[in-house]
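Undergrad: Just passing along the structure, written as structure tokens.
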Amino acid sequence: MAPSPCISCPVFLHHAMSQDLVKCSSSRVLKISAIRAHRVTGSSFRVKSQAPAGGAAPGPDFLVAADGAPVTLNGKKAYGVFISPGSGYRNDKTNGIAVGDAAEGMYAVFDGTHFNGGCCFDYGNAEVSNDDTGNGHMEAIYFGTGTGFGTGTGSGPWVLADLENGLFTGPNTSGVTDSNPTITQRFVTAVVKGEPGNQWAVRGGDAQSGSLATFYSGVRPNDGYNPMSKEGAIILGIGGDNSDSSQGTFYEGVMTSGYPSDETENFVQANVVAAGYAVTSMTSGPALAVGSAVSFQVTTPGFTIRYIAHTGDTVNTQEVTSGDSSALRLSASWNVVEGLANNQCVSFESRDTPGSFIRHSNFNLLVNANDGSKIFHEDATYCPQAGINGQGNSIRSWSFPTHYFRHFNAVLFAASNGGPDTFDTTASFIDDISFVVTNAFA
Ligand code: AHR
């Protein structure tokens with residue numbers, strides 16, 4: 001492969017051989033030597049370069065769960081960075097990242113099925129001030145369904161470029177670029193590059209097979225994007241001004257100074273394909289079989305006679321026995337169905353209210369009717385893990401993998417250990433998020 005001029009290390013995860021520190025919340029430290037081969041041994045890790053507050057959102061942004069996006073690479077377990085809204089990473093003090101109108105290139109591998117229309121699931125070059133400093137002050141890959149500027153065909157998601165104050169894929173600041181398709185692959189390789197002389201390009205392909213296609217190559221949008229005013233910070237999962245309402249999964253990426261040739265990028269794509277990305281189990285611990293009906297027994301000492309139940313739309317814990325009324329037993333009984341947002345995980349349908357499911361909303365757990373929306377499906381999808389306190393299962397949110405079913409003052413929340421809400425308190429956390437799953441009461 002022709003070497004790219006000056007490979008610059010991105011924030012943390014990349015398949016170059018540097019050793020970036022990753023700290024886990026239990027004080028263990030894991031050194032990553034290669035994103036494609038590292039194994040994670042804990043459940044909640046902290047990565048350096050937590051994004052600070054910016055013009056669009058306070059901070060620091062939340063950190064992600066290190067094991068929220070498991071994959072295998074040629075059969076070996078590895079983990080991507082599962083960005084939920086509110087989380088993100090940033091390095092404002094970099095070396096070797098392009099500034100001004102200097103040439104640069106970047107590629108990343110994303111989960112093509114994890115996205116939204118929020119601003120902005122980006123990886124690339126952004127402002128060092130964490131604020132929107134004007135058109136042309138960013139050059140980053142964007143993945144999602146954001147509209148209002150340029151888009152590809154269909155309803156998305158698309159690989160676009162965030163050049164600040166707009167997501168683009170062509171010579172104009174709006175309109176559809178016919179050569180930029182809606183992405184349907186599970187793993188997607190995305191490329192953005194730009195160089196002086198009013199030239200930039202957006203490319204993409206299936207990270208599991210085949211080659212890259214050029215979605216656009218030509219002049220920049222004609223509204224303050226030539227020449228560029230790049231600043232050289234590196235962002236992941238946020239916009240240049242710390243807009244943090246987006247979601248997506250990043251597996252690997254590299255930024256270069258210099259404008260890589262298409263041929264160089266084609267070699268990178270071949271190398272990505274050869275790495276053998278594949279999905280792997282999202283669950284652990286005792287299996288919760290789709291089609292079964294279950295009840296959840298609290299394991300916190302002193303509360304083990306309580307089970308997860310609901311009163312109206314509030315999910316709570318109640319004392320339940322096999323001798324109780326049918327109504328009470330049914331309120332504590334749940335159908336396990338295929339995950340509404342991800343069929344590797346599950347959703348829990350109320351036995352007494354068919355068509356209604358446990359979902360989180362502002363991290364409260366509610367029983368709500370399925371309205372068919374993307375957000376409802378995501379709020380109602382959970383990936384059971386082996387019980388964190390060693391008993392039963394801990395029920396982890398698919399869309400916010402740092403959050404688990406937690407009982408707190410007899411009410412259920414989707415809680416994160418040490419998070420900002422009262423119900424996130426670390427006291428008794430691992431017991432409160434661990435439940436023994438039994439056959440349903442009714
Ligand atoms: O360009 C889209 C977004 O607009 C940028 O990421 C952000 O800085 C601004 O809000």
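Order determines the names: the first chain of the structure tokens is A, the second B, and so forth; residues in each chain are numbered 1 upward, and ligands are numbered 1 upward as they are shown.
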Which residues sit within 9 Å of ligand 1, counting only C-alpha atoms and all ligand atoms, listed as a PyMOL selection string?

TA: chain A and resi 55-56+119-122+126-127+130-135+137-138+140+142+149+161-168+238-243

Undergrad: Give me the segment 376-404 of chain A side of the contact with segment 72-94 of chain A, cut-off 9 Å, one line per residue showing its nearest atom pair and distance in Å at one decimal, counting only C-alpha atoms, sorted by chain and residue number, as CSV.

TA:
```
residue,atom,partner,partner_atom,distance
A:Ser399,CA,A:Ser84,CA,6.4
A:Phe400,CA,A:Ser84,CA,5.7
A:Pro401,CA,A:Phe82,CA,7.9
```

Undergrad: What is the atom CA of Phe143 of chain A-atom CA of Pro52 of chain A distance in Å, reported with one decimal?

TA: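 Result for atom CA of Phe143 of chain A versus atom CA of Pro52 of chain A: 21.6 Å, one decimal.
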
Undergrad: List as a PyMOL selection string the protein and nucleic acid residues near segment 205-215 of chain A, meaning an atom at most 6 Å away when only C-alpha atoms are counted, but skip any in the same chain fewer than 2 places from it.

TA: chain A and resi 179-180+187-189+202-203+273

Undergrad: Smallest atom-to-atom distance to Phe363 of chain A: which of A:Val411, A:Val279, A:Ala102, A:Ile183, using only C-alpha atoms?

TA: A:Val411

Undergrad: Hey, which of A:Met282, A:Leu412, A:Cys383, A:Cys345 ends up closest to Ala69 of chain A? Count only C-alpha atoms.

TA: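 That would be A:Met282, the residue with the smallest distance to Ala69 of chain A.
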